[in-house]
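For reference, the structure is listed below as C-alpha cells.
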Amino acid sequence: MGVSYLAVGWNRQKKIYDWFIFAFCVLYLSTFIAITAISNPDYTFETALIRSTATLAILLLHVILSIGPLTRINKKFLPLLYNRRHLGVTMFTIALIHGSFSILQFHALGNVNPFVSLFTANTQYNSVSKFPFQALGFFALVIFFLMAITSHDFWLHTLSPKIWKTLHLFVYLAYFLVIMHVMLGVVQYETNPVLFVMVLAGAAALITLHLVAGTREVRKDNQLFKLKSEGFVYVCESRDVPDNCAKIFCIDKERIALFRFEDKLYAIHNVCKHQGGPLGEGQIIDGCITCPWHGYQYLPQNGQSPLPFKEKVNTYHVKVAGSQVWLNPQPLPEGTERPGAAIIIPDNQIIENVK
Amino acid sequence: MNIAMIITIILILIVTYLLCGLLFAIPFVIKGVNRIDETAHGGSIGFRIIIIPGVMVFWPLLLKKWMKK
Ligand code: HEM
Ligand code: HEM
Ligand code: FES
C-alpha cells in the first residue's frame, strides 16, 4: 500500500477479532486446566498445560483450515477470513507453548541437550506403536514458525508472492504431521479413544469441506457463455447480483467480479493487487469493494484504491438490457473510470426470462 | 559417529547460522530495509522489531538484495 509499514495494521474490526480470539483462548485454557485439576488431582500443572495448549492448537488449526472453503460456500463466514493471519500466529504461539513445555518436561531433566534428546530418547522409527511421535510435532512446529515469522506484508514483497504462497501450502504438510503426531502419540499415552476419534472426525470434515468448495469452484469456472453480441456476453439477470455483493464469472479464463452498488452494476478484475485475493468474494463496505483476505479497498467506479493508496485493478464495461446483464470481457486499463450500468427493472418485477 | 553427535553438529550449524542472522539484522533493520523496500521508509520501530526473526532466517537473501542496490 502507499503508506509506511507498521508492526500490526490494526483497525476496529481487527481489534474486536483479536480480543475475541484472546478471550476464547484464555477461557478454553483455564476451563481445561480447572477441569483437569478437579477430575484428576494427581496431574501436574505442566501436564495440564501441555494438554490444554495441544488441544487448543489443533482446534484452532481446524478452524484456520476450514475458513477458506467455508467462505466460498457461505458469505456469512467472511468476518472470520479478514484476519486469518492473526489466527495463524495465535495458533503458532499456543503450539509453541505446548512444544516448549513438552521439551522441558520430557527432555530437559537429563544431561543431554534437550533437542538432541528429542530425537534420540526414542529411536524406534520403524515401530508404529512406539514411534517417536514428538519429532513429527517438532517439524510441524518448524513449518508454523516459518509461516508466522514471514507473516508481515514486508515478507510478501521481499520473498515474492510466489515463494510466500508456496511456503503457505506447506501448511497441509504440517497438518498431516500434526495428525500423525497426535495419532501415534495418543496410542502411546492414552487409553481413552475420545481424542483419537475427534481428530479423525475433524480430518474427515476438513477433507469434505475442501472437496465441496472445490467442485463448486470448478463448476463455476466451466460455465459457458453462449449469448454474444458486439463484444458483450450475456452473464445473468440483474436480480441475480445481491446488493453490495458480487457474482464472479470466468470468461476466457479470466475471473471478473460483477458488483451491485446503489442499484448500479460495475465489473472489475477479480484479483486483488495485494496477494491475489478473490475480490468478488468480498463485499462493498463504506462504498468500497473490500477484499475478503486483508481488506484492501477499491472504488467500484474506477477500480482504484482510495487515497493515499495506489493500487488499481482492471475494469470492464457492463450493459443492462431489460433484466439482462451483459459484460464485455475485454479488460480496460487498470483504474479506468466508466459509468455503472443502472438496473432498469426492480428485482421483484422481473418475470422469469424465456431462454 | 552416532546419531547424537550428528544431531549435535546439525544443531550447532543451525545456531551459528541464526546468530549470523541476528548480527546481520542489526544494520539491516536500521538501514538496509529502507534500501530494499521503499515502503519501509518511516516504518515504525515495531515493524523493525517484528521482522527480526524472519531476517535471522532469510538473511543471505536479504544480503544479496542489499548488495545489489
Ligand atoms: C502467520 C502468518 C499468516 C498469514 C499472514 C496468513 C495469511 C494467509 C493468506 C493471505 C492466505 C491466502 C493465500 C492462498 O490461499 O494462497 C492464507 C492461506 C492459508 N493459510 Fe494462512 N496465514 C498465516 C499463518 C497461517 C498459519 C500459521 C496457518 C496454519 C496453521 C495458516 C493456514 C492457511 C491455509 C491452510 C491457507 C490456504 C487455505 C485457503 O485458501 O483457504 N496460515 N493465509
Ligand atoms: C516441538 C514440538 C512438539 C513436541 C515436543 C510435542 C510433544 C508432545 C507430547 C510429549 C505429547 C504428549 C503429551 C501428553 O499426552 O501428556 C503431545 C501431544 C499432543 N500434541 Fe504435541 N508436541 C509438539 C508439537 C505439536 C504441535 C505443533 C501440535 C499441533 C498444532 C501438537 C499437538 C498435540 C496434540 C493435539 C496432542 C495430544 C494431546 C493430549 O494427549 O491430550 N503438538 N505432544
Ligand atoms: S489479498 Fe490481501 S487484501 Fe486482497
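To be explicit about the labels: the chains of the C-alpha cells are called A, B, and onward in the order shown, and within each one the residues are counted from 1, while ligands get numbers from 1 in the order they are shown.
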
Taking only residues of chain B that have an atom at most 7 Å from an atom of chain A, what is each one's shortest atom pair and its distance in Å to one decimal, using only C-alpha atoms, in chain and number order, as a tab-separated table?
```
residue	atom	partner	partner_atom	distance
B:Ala4	CA	A:Val116	CA	6.1
B:Ile7	CA	A:Val116	CA	6.1
B:Thr8	CA	A:Val116	CA	6.4
B:Thr39	CA	A:Ser4	CA	5.0
B:Ala40	CA	A:Ser4	CA	5.6
B:His41	CA	A:Ser4	CA	6.2
B:Gly42	CA	A:Ser4	CA	5.9
B:Gly43	CA	A:Tyr5	CA	4.6
B:Ser44	CA	A:Leu6	CA	5.3
B:Gly46	CA	A:Ala7	CA	4.7
B:Phe47	CA	A:Ala7	CA	3.8
B:Ile50	CA	A:Ala7	CA	6.3
B:Pro53	CA	A:Ile149	CA	6.0
B:Gly54	CA	A:Ile149	CA	5.1
```

Please report as a Markdown table every residue of chain A lying within 7 Å of ligand 2, along with the nearest atom pair and their distance in Å (one decimal), using only C-alpha atoms and all ligand atoms.
```
| residue | atom | partner | partner_atom_place_in_ligand_line | distance |
| --- | --- | --- | --- | --- |
| A:Thr47 | CA | ligand 2 | 16 (O) | 5.6 |
| A:Ile50 | CA | ligand 2 | 13 (C) | 6.2 |
| A:Arg51 | CA | ligand 2 | 41 (O) | 4.4 |
| A:Ala54 | CA | ligand 2 | 34 (C) | 4.2 |
| A:Thr55 | CA | ligand 2 | 35 (C) | 4.5 |
| A:Ala57 | CA | ligand 2 | 30 (C) | 4.7 |
| A:Ile58 | CA | ligand 2 | 30 (C) | 4.7 |
| A:Leu61 | CA | ligand 2 | 30 (C) | 6.6 |
| A:Ala95 | CA | ligand 2 | 27 (C) | 4.9 |
| A:Leu96 | CA | ligand 2 | 27 (C) | 6.9 |
| A:His98 | CA | ligand 2 | 22 (N) | 6.2 |
| A:Gly99 | CA | ligand 2 | 3 (C) | 3.8 |
| A:Ser100 | CA | ligand 2 | 1 (C) | 6.3 |
| A:Ser102 | CA | ligand 2 | 7 (C) | 4.9 |
| A:Ile103 | CA | ligand 2 | 5 (C) | 5.1 |
| A:Phe106 | CA | ligand 2 | 10 (C) | 6.8 |
| A:Leu118 | CA | ligand 2 | 5 (C) | 6.9 |
| A:Gln134 | CA | ligand 2 | 7 (C) | 4.7 |
| A:Ala135 | CA | ligand 2 | 5 (C) | 6.7 |
| A:Gly137 | CA | ligand 2 | 24 (C) | 3.6 |
| A:Phe138 | CA | ligand 2 | 2 (C) | 3.5 |
| A:Ala140 | CA | ligand 2 | 27 (C) | 5.1 |
| A:Leu141 | CA | ligand 2 | 27 (C) | 4.3 |
| A:Val178 | CA | ligand 2 | 29 (C) | 5.3 |
| A:His181 | CA | ligand 2 | 20 (N) | 6.4 |
| A:Val182 | CA | ligand 2 | 36 (C) | 4.9 |
| A:Gly185 | CA | ligand 2 | 12 (C) | 6.1 |
| A:Val186 | CA | ligand 2 | 40 (O) | 5.7 |
| A:Tyr189 | CA | ligand 2 | 15 (O) | 5.6 |
| A:Glu190 | CA | ligand 2 | 40 (O) | 6.9 |
```

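If one restricts the calculation to only C-alpha atoms and all ligand atoms, the set of residues situated within 6 Å of ligand 3 consists of Cys272, His274, Gln275, Gly276, Gly277, Cys291, Trp293, His294, Gly295 and Tyr296 of chain A.
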
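For the choices A:Phe101, A:Tyr17, A:Phe176, A:Phe22, the atom-to-atom distance to ligand 1 is smallest for A:Phe176 when using only C-alpha atoms and all ligand atoms.
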
Extract, using only C-alpha atoms, all DNA, RNA and protein residues at most 10 Å from Leu78 in chain A, discarding same-chain residues fewer than 3 positions from it, and format them as a CSV table (one decimal) with C-alpha atoms, in the first residue's frame.
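out.csv was written with the following content:
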```
chain,number,residue,atom,x,y,z
A,67,ILE,CA,-12.2,-20.8,6.8
A,68,GLY,CA,-11.3,-20.8,3.1
A,70,LEU,CA,-16.5,-22.1,4.4
A,71,THR,CA,-16.4,-18.6,3.0
A,72,ARG,CA,-16.7,-20.0,-0.5
A,74,ASN,CA,-21.4,-19.2,2.5
A,75,LYS,CA,-20.6,-15.5,2.8
A,81,LEU,CA,-11.4,-14.6,7.0
A,82,TYR,CA,-10.4,-10.9,7.4
A,83,ASN,CA,-7.8,-11.5,10.0
A,281,GLU,CA,-16.0,-12.9,-2.6
A,282,GLY,CA,-15.8,-9.6,-0.6
A,283,GLN,CA,-18.5,-7.0,0.0
A,292,PRO,CA,-12.1,-10.6,1.9
A,293,TRP,CA,-8.5,-11.5,2.7
```

Checklist entry - Neighbours of Arg84 in chain A within 8 Å (only C-alpha atoms; same-chain residues fewer than 4 positions away dropped), as a PyMOL selection string? => result chain A and resi 64+80+88+293

Keeping only all heavy atoms, write the selected residues as a compact mmCIF listing (two decimals), in the first residue's frame.
```txt
# COMPACT_ATOMS: atom_id res chain seq x y z
N ILE A 64 -8.70 -22.66 11.15
CA ILE A 64 -7.94 -21.97 10.10
C ILE A 64 -8.14 -22.67 8.76
O ILE A 64 -8.37 -22.04 7.73
CB ILE A 64 -6.44 -21.93 10.46
CG1 ILE A 64 -6.21 -21.04 11.67
CG2 ILE A 64 -5.62 -21.45 9.28
CD1 ILE A 64 -4.81 -21.11 12.22
N LEU A 80 -14.61 -14.14 9.56
CA LEU A 80 -13.53 -14.99 10.05
C LEU A 80 -12.28 -14.84 9.19
O LEU A 80 -11.16 -14.98 9.67
CB LEU A 80 -13.95 -16.46 9.97
CG LEU A 80 -14.76 -17.04 11.11
CD1 LEU A 80 -15.16 -18.46 10.76
CD2 LEU A 80 -13.90 -17.05 12.37
N GLY A 88 -3.59 -17.48 12.65
CA GLY A 88 -2.43 -18.33 12.38
C GLY A 88 -1.32 -18.10 13.39
O GLY A 88 -0.76 -19.04 13.95
N TRP A 293 -9.65 -10.98 1.99
CA TRP A 293 -8.47 -11.52 2.68
C TRP A 293 -7.88 -10.55 3.70
O TRP A 293 -7.71 -10.88 4.86
CB TRP A 293 -7.43 -11.98 1.65
CG TRP A 293 -7.77 -13.32 1.09
CD1 TRP A 293 -8.89 -14.06 1.37
CD2 TRP A 293 -7.00 -14.08 0.16
NE1 TRP A 293 -8.85 -15.23 0.66
CE2 TRP A 293 -7.71 -15.28 -0.09
CE3 TRP A 293 -5.79 -13.88 -0.50
CZ2 TRP A 293 -7.25 -16.26 -0.95
CZ3 TRP A 293 -5.33 -14.85 -1.36
CH2 TRP A 293 -6.06 -16.04 -1.58
```

Checklist entry - chain B: which residues are alpha helix (DSSP H) by DSSP, as a count of residues only? => result 52

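Going from CA of Gln105 in chain A over to CA of Leu11 in chain B, you cover 20.3 Å.
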
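Going from CA of Ala34 in chain A over to CA of Asp18 in chain A, you cover 24.1 Å.
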
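Nearest-residue note for ligand 1: choosing from A:Thr53, A:Thr166, A:Ser30, A:Asn348, the minimum distance belongs to A:Thr166, counting only C-alpha atoms and all ligand atoms.
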
Checklist entry - Which neighbours of Met67 in chain B fall inside 10 Å, counting only C-alpha atoms, when residues of the same chain fewer than 3 positions from it are skipped, and could you give them as a VMD selection string? => result chain B and resid 32 35 to 36 62 to 64

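CA of Ile163 in chain A is found 25.8 Å from CA of Ile94 in chain A.
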
Checklist entry - In terms of the shortest atom-to-atom distance over only C-alpha atoms and all ligand atoms, which of A:Gly202, A:Pro132, A:Gly214, A:Pro41 is closest to ligand 1? => result A:Gly214

Checklist entry - Counting only C-alpha atoms, which of B:Ile30, B:Leu13, B:Leu22, B:Asn2 gets nearest to Val57 in chain B? => result B:Leu22

Next on the checklist: Which residues are near range 240-250 of chain A? Cut-off 8 Å, only C-alpha atoms, ignore same chain within fewer than 6 positions. Put them as number ranges by chain.
Outcome noted: A: 220-223, 256-263, 270, 280-285

Item to check | Which of range 73-290 of chain A DSSP labels strand (DSSP E or B), written as a ChimeraX atom specification | outcome: /A:228-229,232-237,246-251,254-261,264-269,271,278,283-285,288-290
